[in-house]
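As stored in run15.pdb (PDB, C-alpha atoms):
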ATOM      1  CA  MET A   1      27.198  16.247 -17.700
ATOM      2  CA  SER A   2      29.627  13.367 -17.448
ATOM      3  CA  ASP A   3      28.638   9.803 -18.277
ATOM      4  CA  ALA A   4      28.796   8.742 -14.638
ATOM      5  CA  MET A   5      29.475   9.981 -11.130
ATOM      6  CA  THR A   6      32.185   8.463  -9.001
ATOM      7  CA  PRO A   7      31.248   7.110  -5.559
ATOM      8  CA  GLU A   8      33.207   9.991  -4.061
ATOM      9  CA  GLU A   9      31.167  12.527  -6.046
ATOM     10  CA  ILE A  10      27.919  10.906  -4.959
ATOM     11  CA  ALA A  11      29.024  10.873  -1.311
ATOM     12  CA  ALA A  12      29.915  14.574  -1.584
ATOM     13  CA  LEU A  13      26.503  15.296  -3.094
ATOM     14  CA  TYR A  14      24.636  13.558  -0.278
ATOM     15  CA  ASP A  15      26.882  15.222   2.277
ATOM     16  CA  ARG A  16      25.953  18.605   0.826
ATOM     17  CA  ILE A  17      22.214  18.055   0.618
ATOM     18  CA  ALA A  18      21.732  15.839   3.693
ATOM     19  CA  PRO A  19      19.364  18.155   5.642
ATOM     20  CA  ASP A  20      17.174  18.799   2.588
ATOM     21  CA  TRP A  21      17.123  15.094   1.724
ATOM     22  CA  ALA A  22      16.175  14.121   5.269
ATOM     23  CA  SER A  23      13.356  16.664   5.499
ATOM     24  CA  ALA A  24      11.928  15.537   2.149
ATOM     25  CA  ARG A  25      12.261  11.807   2.853
ATOM     26  CA  SER A  26       8.779  10.276   3.116
ATOM     27  CA  GLN A  27       7.942   8.900   6.543
ATOM     28  CA  ALA A  28       4.932   6.956   5.230
ATOM     29  CA  LEU A  29       6.947   3.728   5.443
ATOM     30  CA  THR A  30       5.670   2.127   2.272
ATOM     31  CA  GLU A  31       8.559  -0.299   2.891
ATOM     32  CA  ARG A  32       6.864  -1.757   5.988
ATOM     33  CA  ARG A  33       5.744  -5.023   4.338
ATOM     34  CA  TRP A  34       9.250  -5.713   3.062
ATOM     35  CA  LEU A  35      10.809  -4.791   6.391
ATOM     36  CA  ASP A  36       8.503  -7.237   8.131
ATOM     37  CA  ARG A  37       9.493 -10.004   5.690
ATOM     38  CA  PHE A  38      13.141  -9.099   6.273
ATOM     39  CA  ARG A  39      12.686  -9.317  10.044
ATOM     40  CA  ALA A  40      10.892 -12.638   9.749
ATOM     41  CA  HIS A  41      13.894 -14.188   8.017
ATOM     42  CA  MET A  42      16.544 -12.936  10.433
ATOM     43  CA  PRO A  43      17.854 -15.822  12.541
ATOM     44  CA  VAL A  44      17.228 -15.993  16.267
ATOM     45  CA  THR A  45      20.595 -16.481  17.940
ATOM     46  CA  GLY A  46      20.000 -15.695  21.595
ATOM     47  CA  ARG A  47      21.420 -12.200  21.249
ATOM     48  CA  VAL A  48      19.767  -8.991  20.129
ATOM     49  CA  GLN A  49      19.251  -9.178  16.388
ATOM     50  CA  ARG A  50      21.802  -6.935  14.739
ATOM     51  CA  VAL A  51      21.253  -5.151  11.435
ATOM     52  CA  LEU A  52      23.880  -3.573   9.199
ATOM     53  CA  ASP A  53      22.304  -0.718   7.217
ATOM     54  CA  LEU A  54      24.568   0.091   4.263
ATOM     55  CA  GLY A  55      23.831   3.542   2.877
ATOM     56  CA  CYS A  56      21.773   4.290   5.963
ATOM     57  CA  GLY A  57      21.007   7.940   5.272
ATOM     58  CA  ALA A  58      19.397   9.692   8.218
ATOM     59  CA  GLY A  59      17.953   6.506   9.730
ATOM     60  CA  ARG A  60      14.314   7.505   9.428
ATOM     61  CA  PRO A  61      11.990   5.773   8.894
ATOM     62  CA  MET A  62      13.486   2.354   8.086
ATOM     63  CA  ALA A  63      16.246   1.924  10.661
ATOM     64  CA  ARG A  64      14.031   3.445  13.324
ATOM     65  CA  TYR A  65      11.259   0.953  12.492
ATOM     66  CA  LEU A  66      13.684  -1.949  12.944
ATOM     67  CA  ALA A  67      15.058  -0.492  16.179
ATOM     68  CA  GLU A  68      11.568  -0.016  17.601
ATOM     69  CA  ARG A  69      11.073  -3.751  17.103
ATOM     70  CA  GLY A  70      14.161  -4.678  19.059
ATOM     71  CA  ALA A  71      17.003  -4.637  16.532
ATOM     72  CA  SER A  72      20.378  -3.073  17.146
ATOM     73  CA  VAL A  73      21.190  -1.145  13.969
ATOM     74  CA  THR A  74      24.637  -0.143  12.743
ATOM     75  CA  GLY A  75      24.280   2.577  10.141
ATOM     76  CA  VAL A  76      27.017   3.022   7.547
ATOM     77  CA  ASP A  77      27.169   5.875   5.061
ATOM     78  CA  ALA A  78      29.900   7.482   2.988
ATOM     79  CA  ALA A  79      28.495  10.983   3.591
ATOM     80  CA  PRO A  80      29.582  12.409   6.972
ATOM     81  CA  ALA A  81      26.472  14.587   7.252
ATOM     82  CA  MET A  82      24.251  11.540   6.834
ATOM     83  CA  VAL A  83      26.211   9.690   9.526
ATOM     84  CA  ALA A  84      25.686  12.649  11.853
ATOM     85  CA  LEU A  85      21.942  12.668  11.174
ATOM     86  CA  PHE A  86      21.749   8.910  11.740
ATOM     87  CA  ALA A  87      23.518   9.308  15.083
ATOM     88  CA  GLU A  88      21.107  12.091  16.060
ATOM     89  CA  ASN A  89      18.008  10.154  15.024
ATOM     90  CA  MET A  90      19.170   6.779  16.354
ATOM     91  CA  PRO A  91      20.711   7.342  19.805
ATOM     92  CA  GLY A  92      22.228   4.193  21.245
ATOM     93  CA  HIS A  93      22.918   2.705  17.810
ATOM     94  CA  ALA A  94      26.262   2.757  16.005
ATOM     95  CA  ALA A  95      26.848   5.235  13.183
ATOM     96  CA  VAL A  96      29.892   4.665  10.986
ATOM     97  CA  LYS A  97      31.377   6.635   8.113
ATOM     98  CA  GLY A  98      32.353   3.916   5.683
ATOM     99  CA  ASP A  99      32.423   2.643   2.140
ATOM    100  CA  MET A 100      30.344  -0.431   1.317
ATOM    101  CA  ARG A 101      32.932  -1.506  -1.246
ATOM    102  CA  SER A 102      35.650  -2.059   1.341
ATOM    103  CA  LEU A 103      33.996  -1.992   4.773
ATOM    104  CA  ASP A 104      35.496  -4.373   7.332
ATOM    105  CA  LEU A 105      33.869  -4.104  10.755
ATOM    106  CA  GLY A 106      35.180  -7.455  11.958
ATOM    107  CA  GLU A 107      31.739  -8.623  13.032
ATOM    108  CA  THR A 108      28.664 -10.261  11.569
ATOM    109  CA  PHE A 109      24.993  -9.337  11.577
ATOM    110  CA  GLU A 110      21.672 -11.173  11.495
ATOM    111  CA  GLY A 111      20.321  -8.701   8.945
ATOM    112  CA  LEU A 112      21.905  -6.655   6.151
ATOM    113  CA  LEU A 113      20.077  -3.852   4.387
ATOM    114  CA  ALA A 114      21.114  -1.872   1.289
ATOM    115  CA  TRP A 115      18.029   0.126   0.380
ATOM    116  CA  ASP A 116      18.404   2.742  -2.382
ATOM    117  CA  SER A 117      22.178   2.699  -2.013
ATOM    118  CA  LEU A 118      23.793  -0.072  -4.075
ATOM    119  CA  PHE A 119      22.636   1.472  -7.352
ATOM    120  CA  HIS A 120      24.828   4.541  -6.768
ATOM    121  CA  LEU A 121      27.857   2.341  -7.544
ATOM    122  CA  GLY A 122      29.156   1.176 -10.900
ATOM    123  CA  PRO A 123      29.044  -2.511 -11.866
ATOM    124  CA  ASP A 124      32.457  -3.538 -10.503
ATOM    125  CA  ASP A 125      31.866  -1.612  -7.291
ATOM    126  CA  GLN A 126      28.485  -3.290  -6.857
ATOM    127  CA  ARG A 127      30.162  -6.675  -7.148
ATOM    128  CA  ALA A 128      32.633  -5.615  -4.433
ATOM    129  CA  ALA A 129      29.762  -4.436  -2.242
ATOM    130  CA  VAL A 130      28.069  -7.838  -2.466
ATOM    131  CA  ARG A 131      31.305  -9.404  -1.229
ATOM    132  CA  THR A 132      31.267  -6.925   1.678
ATOM    133  CA  MET A 133      27.742  -8.006   2.533
ATOM    134  CA  ALA A 134      28.748 -11.652   2.526
ATOM    135  CA  ALA A 135      31.705 -10.939   4.820
ATOM    136  CA  HIS A 136      29.386  -9.322   7.390
ATOM    137  CA  ALA A 137      26.558 -11.886   7.200
ATOM    138  CA  ALA A 138      26.068 -14.310  10.060
ATOM    139  CA  PRO A 139      24.933 -17.848   9.125
ATOM    140  CA  GLY A 140      21.277 -17.611   8.151
ATOM    141  CA  ALA A 141      21.372 -13.816   7.948
ATOM    142  CA  ALA A 142      18.692 -12.023   5.958
ATOM    143  CA  LEU A 143      19.790  -9.652   3.203
ATOM    144  CA  MET A 144      17.496  -7.119   1.567
ATOM    145  CA  LEU A 145      18.509  -4.705  -1.160
ATOM    146  CA  THR A 146      17.084  -2.669  -4.007
ATOM    147  CA  THR A 147      18.444  -2.466  -7.555
ATOM    148  CA  GLY A 148      17.291  -1.424 -10.987
ATOM    149  CA  HIS A 149      14.899  -3.776 -12.731
ATOM    150  CA  ARG A 150      17.203  -4.207 -15.725
ATOM    151  CA  ALA A 151      20.828  -3.567 -16.669
ATOM    152  CA  GLY A 152      21.692   0.005 -17.541
ATOM    153  CA  GLU A 153      22.433   3.490 -16.294
ATOM    154  CA  ALA A 154      20.102   6.379 -15.522
ATOM    155  CA  TRP A 155      20.100   9.895 -14.159
ATOM    156  CA  GLY A 156      17.697  10.931 -11.442
ATOM    157  CA  GLU A 157      17.350  13.888  -9.143
ATOM    158  CA  VAL A 158      17.868  14.361  -5.439
ATOM    159  CA  ALA A 159      17.171  17.674  -3.703
ATOM    160  CA  GLY A 160      17.090  19.337  -7.109
ATOM    161  CA  GLU A 161      20.489  18.018  -8.182
ATOM    162  CA  PRO A 162      21.274  15.310 -10.742
ATOM    163  CA  VAL A 163      22.389  11.930  -9.406
ATOM    164  CA  TRP A 164      23.582   8.847 -11.260
ATOM    165  CA  HIS A 165      22.355   5.266 -10.925
ATOM    166  CA  ALA A 166      23.465   1.962 -12.418
ATOM    167  CA  SER A 167      22.136  -1.573 -12.397
ATOM    168  CA  LEU A 168      23.297  -4.995 -13.419
ATOM    169  CA  ASP A 169      21.007  -7.502 -15.110
ATOM    170  CA  PRO A 170      18.782  -9.342 -12.605
ATOM    171  CA  GLY A 171      20.327 -12.616 -13.721
ATOM    172  CA  GLU A 172      23.750 -11.368 -12.731
ATOM    173  CA  TYR A 173      22.512 -10.192  -9.328
ATOM    174  CA  ARG A 174      21.075 -13.656  -8.748
ATOM    175  CA  THR A 175      24.408 -15.244  -9.706
ATOM    176  CA  LEU A 176      26.393 -12.827  -7.533
ATOM    177  CA  LEU A 177      24.212 -13.526  -4.526
ATOM    178  CA  THR A 178      24.343 -17.282  -5.052
ATOM    179  CA  GLU A 179      28.128 -17.274  -5.427
ATOM    180  CA  ALA A 180      28.442 -15.116  -2.292
ATOM    181  CA  GLY A 181      26.577 -17.750  -0.274
ATOM    182  CA  PHE A 182      23.018 -16.383  -0.357
ATOM    183  CA  ASP A 183      19.803 -18.077  -1.426
ATOM    184  CA  VAL A 184      17.365 -15.720  -3.120
ATOM    185  CA  LEU A 185      13.993 -15.861  -1.360
ATOM    186  CA  ALA A 186      12.159 -13.178  -3.307
ATOM    187  CA  PHE A 187      12.694 -10.846  -6.247
ATOM    188  CA  VAL A 188       9.997  -8.327  -7.168
ATOM    189  CA  PRO A 189      10.788  -5.879  -9.971
ATOM    190  CA  GLU A 190       9.159  -2.449  -9.722
ATOM    191  CA  ASP A 191       6.912  -3.368  -6.814
ATOM    192  CA  GLU A 192       3.918  -1.045  -7.139
ATOM    193  CA  SER A 193       3.044  -1.511  -3.470
ATOM    194  CA  CYS A 194       6.464  -0.144  -2.502
ATOM    195  CA  GLY A 195       6.872   2.932  -4.645
ATOM    196  CA  GLY A 196       8.135   1.026  -7.663
ATOM    197  CA  HIS A 197      11.223  -0.339  -5.917
ATOM    198  CA  THR A 198      12.862  -3.447  -7.304
ATOM    199  CA  VAL A 199      13.479  -5.541  -4.207
ATOM    200  CA  TRP A 200      15.622  -8.586  -3.459
ATOM    201  CA  LEU A 201      15.339 -10.655  -0.302
ATOM    202  CA  ALA A 202      17.931 -13.358   0.338
ATOM    203  CA  ARG A 203      19.297 -15.493   3.165
ATOM    204  CA  ARG A 204      22.893 -16.451   3.896
ATOM    205  CA  ARG A 205      23.315 -20.192   3.755
ATOM    206  CA  ARG A 206      24.269 -21.968   6.952
ATOM    207  CA  PRO A 207      27.124 -24.509   6.875
ATOM    208  CA  ALA A 208      24.595 -27.360   6.944
ATOM    209  CA  ASP A 209      22.997 -25.955   3.772
ATOM    210  CA  LEU A 210      26.203 -26.162   1.737
ATOM    211  CA  PRO A 211      26.587 -29.043  -0.710
ATOM    212  CA  PRO A 212      29.197 -31.684   0.194
ATOM    213  CA  GLU A 213      32.644 -31.306  -1.312
ATOM    214  CA  GLY A 214      34.013 -33.744  -3.862
TER     215      GLY A 214
END
Represent the structure of the file as structure tokens.
Amino acid sequence: MSDAMTPEEIAALYDRIAPDWASARSQALTERRWLDRFRAHMPVTGRVQRVLDLGCGAGRPMARYLAERGASVTGVDAAPAMVALFAENMPGHAAVKGDMRSLDLGETFEGLLAWDSLFHLGPDDQRAAVRTMAAHAAPGAALMLTTGHRAGEAWGEVAGEPVWHASLDPGEYRTLLTEAGFDVLAFVPEDESCGGHTVWLARRRRPADLPPEG
């Protein structure tokens, strides 16, 4: 087994096992409390609140939960089979095959979600993905993502196949988010109430929140 998987290899894996992954994906929505906090921090702009779901998978249950509460969700995934499942499960919402390292949709969103997706990238690619998030964040936008709880690499399993994960140090994530224009609102490592996920919640600073120049 190699020391790491490339993003292309991981996308090919999820493309291959998409139906099995989707059928095994828990629908218990242990993420509900975090999704509600995420929704509460999305700005109200007079338009339908728009969410960009990076690494959207099949769209159930998280994107569907947001859509049922009025959000318009754009799902992005590098695996074509996952994009197809998202489109099937989320009619009326956009489904895009794309790469979170270089995505450029030319629009901004009130909410950005990267749940169980960022950690499939290596360190430099994760830094690029944070820049992508910043480029798609409307002023005041909420950002929620999961990472590892400490720096390092690990192998897990998905649909019976090995899959690689990586994480930066939490201090570096905090710095990356701050430098990208986000204020960290919450950081909970290995949240036992949410299946052991390490969760970040942040908000994109508005122009009035920026310090004066000079």
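Taking CA of Thr6 (chain A) as the reference point, CA of Gln27 (chain A) is found at 28.8 Å.
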Between A:Gly46, A:Pro80, A:Gly152, A:Gly59, which is the closest to Ala166 (chain A) once you count all atoms listed in the file?
-> A:Gly152
So that I can check the surroundings of Ser193 (chain A), please list as a PDB file with C-alpha atoms, keeping the file's coordinate frame every protein, DNA and RNA residue that reaches within 12 Å of it, counting all atoms listed in the file and ignoring chain neighbours fewer than 5 positions away.
ATOM      1  CA  LEU A  29       6.947   3.728   5.443  1.00  0.00           C
ATOM      2  CA  THR A  30       5.670   2.127   2.272  1.00  0.00           C
ATOM      3  CA  GLU A  31       8.559  -0.299   2.891  1.00  0.00           C
ATOM      4  CA  ARG A  32       6.864  -1.757   5.988  1.00  0.00           C
ATOM      5  CA  ARG A  33       5.744  -5.023   4.338  1.00  0.00           C
ATOM      6  CA  TRP A  34       9.250  -5.713   3.062  1.00  0.00           C
ATOM      7  CA  VAL A 188       9.997  -8.327  -7.168  1.00  0.00           C
ATOM      8  CA  THR A 198      12.862  -3.447  -7.304  1.00  0.00           C
ATOM      9  CA  VAL A 199      13.479  -5.541  -4.207  1.00  0.00           C
TER      10      VAL A 199
END
List the residues sitting within 10 Å of (34.3, 7.1, -0.9) in the file's frame, using only C-alpha atoms, as a ChimeraX atom specification.
-> /A:6-12,77-79,97-102
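Distance check against Leu112 (chain A) using all atoms listed in the file: of A:Ala142, A:Val48, A:Ala22, A:Cys56, the minimum falls on A:Ala142.
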Please identify all polymer residues within 7 Å of Ala58 (chain A), counting only C-alpha atoms, omitting same-chain residues fewer than 3 positions from it, and present them as a PyMOL selection string.
-> chain A and resi 22+82-83+85-86+89
Shortest interatomic distance to His165 (chain A) - which of A:Pro189, A:Gly122, A:Gly92, A:Gly70, counting all atoms listed in the file | A:Gly122
Matched chain/residue IDs from the PyMOL selection byres ((chain A and resi 149) around 9), as a PyMOL selection string = chain A and resi 147-148+150-151+167-170+188-190+197-199
Please indicate the distance in Å from CA of Ala129 (chain A) to CA of Trp115 (chain A), rounded to one decimal place.
-> 12.9 Å
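Proximity of A:Glu107, A:Glu172, A:Glu68, A:Asp116 to His93 (chain A), computed with all atoms listed in the file, is greatest for A:Glu68.
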A straight line from CA of Arg204 (chain A) to CA of Ala180 (chain A) spans 8.4 Å
Which residues, written as a list in words, have at least one atom at most 8 Å from Gly140 (chain A), with all atoms listed in the file counted and residues fewer than 6 positions away on the same chain left out?
-> Met42, Pro43, Glu110, Arg203, Arg204, Arg205 and Arg206 of chain A
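Here the question is which of A:Val96, A:Asp36, A:Ala134, A:Gly111 gets nearest to Ser72 (chain A) using only C-alpha atoms, and that residue is A:Gly111.
Compared by their closest atoms to Val184 (chain A), and using only C-alpha atoms, the residues A:Val130, A:Leu143, A:Ile17, A:Ala138 rank with A:Leu143 nearest.
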Exactly which residues make up the result of the PyMOL selection byres ((chain A and resi 144) around 7) on this file, given as a VMD selection string?
-> chain A and resid 38 112 to 114 142 to 143 145 200 to 202
Keeping C-alpha atoms for every residue in the selection just given, could you write it to a file as a PDB file, keeping the file's coordinate frame?
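Saved to out32.pdb:
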ATOM      1  CA  PHE A  38      13.141  -9.099   6.273  1.00  0.00           C
ATOM      2  CA  LEU A 112      21.905  -6.655   6.151  1.00  0.00           C
ATOM      3  CA  LEU A 113      20.077  -3.852   4.387  1.00  0.00           C
ATOM      4  CA  ALA A 114      21.114  -1.872   1.289  1.00  0.00           C
ATOM      5  CA  ALA A 142      18.692 -12.023   5.958  1.00  0.00           C
ATOM      6  CA  LEU A 143      19.790  -9.652   3.203  1.00  0.00           C
ATOM      7  CA  LEU A 145      18.509  -4.705  -1.160  1.00  0.00           C
ATOM      8  CA  TRP A 200      15.622  -8.586  -3.459  1.00  0.00           C
ATOM      9  CA  LEU A 201      15.339 -10.655  -0.302  1.00  0.00           C
ATOM     10  CA  ALA A 202      17.931 -13.358   0.338  1.00  0.00           C
TER      11      ALA A 202
END
At a cut-off of 10 Å around the point (31.0, -8.4, -4.9) (file coordinates), what residues fall inside when counting all atoms listed in the file? I'd like the answer as a compact mmCIF listing (two decimals) with C-alpha atoms, in the frame of the given file.
# COMPACT_ATOMS: atom_id res chain seq x y z
CA ARG A 101 32.93 -1.51 -1.25
CA PRO A 123 29.04 -2.51 -11.87
CA ASP A 124 32.46 -3.54 -10.50
CA ASP A 125 31.87 -1.61 -7.29
CA GLN A 126 28.48 -3.29 -6.86
CA ARG A 127 30.16 -6.68 -7.15
CA ALA A 128 32.63 -5.62 -4.43
CA ALA A 129 29.76 -4.44 -2.24
CA VAL A 130 28.07 -7.84 -2.47
CA ARG A 131 31.30 -9.40 -1.23
CA THR A 132 31.27 -6.92 1.68
CA MET A 133 27.74 -8.01 2.53
CA ALA A 134 28.75 -11.65 2.53
CA TYR A 173 22.51 -10.19 -9.33
CA LEU A 176 26.39 -12.83 -7.53
CA LEU A 177 24.21 -13.53 -4.53
CA GLU A 179 28.13 -17.27 -5.43
CA ALA A 180 28.44 -15.12 -2.29
Restrict the output to region 54-83 of chain A and N, CA and C atoms, then write it as an mmCIF file, in the first residue's frame.
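The result, stored in part_9.cif:
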data_model
loop_
_atom_site.group_PDB
_atom_site.id
_atom_site.type_symbol
_atom_site.label_atom_id
_atom_site.label_comp_id
_atom_site.auth_asym_id
_atom_site.auth_seq_id
_atom_site.Cartn_x
_atom_site.Cartn_y
_atom_site.Cartn_z
ATOM 1 N N LEU A 54 -19.351 20.977 -0.408
ATOM 2 C CA LEU A 54 -18.137 20.499 -1.068
ATOM 3 C C LEU A 54 -17.833 19.073 -0.612
ATOM 4 N N GLY A 55 -17.830 18.144 -1.563
ATOM 5 C CA GLY A 55 -17.741 16.732 -1.225
ATOM 6 C C GLY A 55 -19.101 16.246 -0.769
ATOM 7 N N CYS A 56 -20.108 16.521 -1.590
ATOM 8 C CA CYS A 56 -21.508 16.380 -1.192
ATOM 9 C C CYS A 56 -21.969 14.941 -1.069
ATOM 10 N N GLY A 57 -21.248 14.001 -1.710
ATOM 11 C CA GLY A 57 -21.740 12.629 -1.705
ATOM 12 C C GLY A 57 -23.119 12.552 -2.339
ATOM 13 N N ALA A 58 -23.961 11.689 -1.778
ATOM 14 C CA ALA A 58 -25.276 11.448 -2.369
ATOM 15 C C ALA A 58 -26.341 12.437 -1.910
ATOM 16 N N GLY A 59 -25.984 13.356 -0.999
ATOM 17 C CA GLY A 59 -26.930 14.394 -0.604
ATOM 18 C C GLY A 59 -27.844 14.036 0.541
ATOM 19 N N ARG A 60 -27.821 12.803 0.974
ATOM 20 C CA ARG A 60 -28.656 12.362 2.084
ATOM 21 C C ARG A 60 -27.767 11.864 3.221
ATOM 22 N N PRO A 61 -28.034 12.320 4.454
ATOM 23 C CA PRO A 61 -29.192 13.126 4.879
ATOM 24 C C PRO A 61 -28.920 14.625 5.020
ATOM 25 N N MET A 62 -27.659 15.069 4.941
ATOM 26 C CA MET A 62 -27.337 16.428 5.361
ATOM 27 C C MET A 62 -27.869 17.490 4.405
ATOM 28 N N ALA A 63 -27.576 17.362 3.124
ATOM 29 C CA ALA A 63 -28.061 18.365 2.174
ATOM 30 C C ALA A 63 -29.584 18.381 2.139
ATOM 31 N N ARG A 64 -30.180 17.200 2.224
ATOM 32 C CA ARG A 64 -31.640 17.140 2.214
ATOM 33 C C ARG A 64 -32.219 17.866 3.433
ATOM 34 N N TYR A 65 -31.602 17.705 4.586
ATOM 35 C CA TYR A 65 -32.063 18.381 5.801
ATOM 36 C C TYR A 65 -32.041 19.896 5.603
ATOM 37 N N LEU A 66 -30.953 20.404 5.029
ATOM 38 C CA LEU A 66 -30.863 21.848 4.780
ATOM 39 C C LEU A 66 -31.907 22.301 3.766
ATOM 40 N N ALA A 67 -32.108 21.500 2.713
ATOM 41 C CA ALA A 67 -33.081 21.867 1.688
ATOM 42 C C ALA A 67 -34.498 21.876 2.242
ATOM 43 N N GLU A 68 -34.803 20.927 3.116
ATOM 44 C CA GLU A 68 -36.136 20.866 3.711
ATOM 45 C C GLU A 68 -36.423 22.075 4.594
ATOM 46 N N ARG A 69 -35.370 22.780 4.984
ATOM 47 C CA ARG A 69 -35.529 23.985 5.796
ATOM 48 C C ARG A 69 -35.310 25.247 4.982
ATOM 49 N N GLY A 70 -35.432 25.117 3.667
ATOM 50 C CA GLY A 70 -35.501 26.284 2.808
ATOM 51 C C GLY A 70 -34.250 26.657 2.061
ATOM 52 N N ALA A 71 -33.143 25.943 2.272
ATOM 53 C CA ALA A 71 -31.899 26.303 1.587
ATOM 54 C C ALA A 71 -31.883 25.769 0.162
ATOM 55 N N SER A 72 -31.197 26.483 -0.688
ATOM 56 C CA SER A 72 -30.873 26.015 -2.030
ATOM 57 C C SER A 72 -29.448 25.479 -1.989
ATOM 58 N N VAL A 73 -29.278 24.198 -2.258
ATOM 59 C CA VAL A 73 -27.980 23.545 -2.064
ATOM 60 C C VAL A 73 -27.336 23.227 -3.412
ATOM 61 N N THR A 74 -26.101 23.640 -3.571
ATOM 62 C CA THR A 74 -25.287 23.245 -4.718
ATOM 63 C C THR A 74 -24.304 22.190 -4.239
ATOM 64 N N GLY A 75 -24.453 20.984 -4.746
ATOM 65 C CA GLY A 75 -23.575 19.892 -4.367
ATOM 66 C C GLY A 75 -22.420 19.757 -5.334
ATOM 67 N N VAL A 76 -21.220 19.650 -4.805
ATOM 68 C CA VAL A 76 -20.017 19.493 -5.632
ATOM 69 C C VAL A 76 -19.284 18.240 -5.176
ATOM 70 N N ASP A 77 -18.927 17.402 -6.117
ATOM 71 C CA ASP A 77 -18.159 16.197 -5.796
ATOM 72 C C ASP A 77 -17.272 15.863 -6.981
ATOM 73 N N ALA A 78 -16.117 15.274 -6.675
ATOM 74 C CA ALA A 78 -15.184 14.889 -7.739
ATOM 75 C C ALA A 78 -15.545 13.551 -8.355
ATOM 76 N N ALA A 79 -16.429 12.790 -7.730
ATOM 77 C CA ALA A 79 -16.826 11.477 -8.238
ATOM 78 C C ALA A 79 -18.119 11.600 -9.040
ATOM 79 N N PRO A 80 -18.097 11.326 -10.332
ATOM 80 C CA PRO A 80 -19.311 11.486 -11.149
ATOM 81 C C PRO A 80 -20.512 10.699 -10.628
ATOM 82 N N ALA A 81 -20.276 9.502 -10.099
ATOM 83 C CA ALA A 81 -21.399 8.701 -9.606
ATOM 84 C C ALA A 81 -22.052 9.355 -8.394
ATOM 85 N N MET A 82 -21.258 10.011 -7.567
ATOM 86 C CA MET A 82 -21.826 10.728 -6.427
ATOM 87 C C MET A 82 -22.642 11.929 -6.902
ATOM 88 N N VAL A 83 -22.143 12.632 -7.903
ATOM 89 C CA VAL A 83 -22.894 13.768 -8.459
ATOM 90 C C VAL A 83 -24.239 13.291 -8.998
#
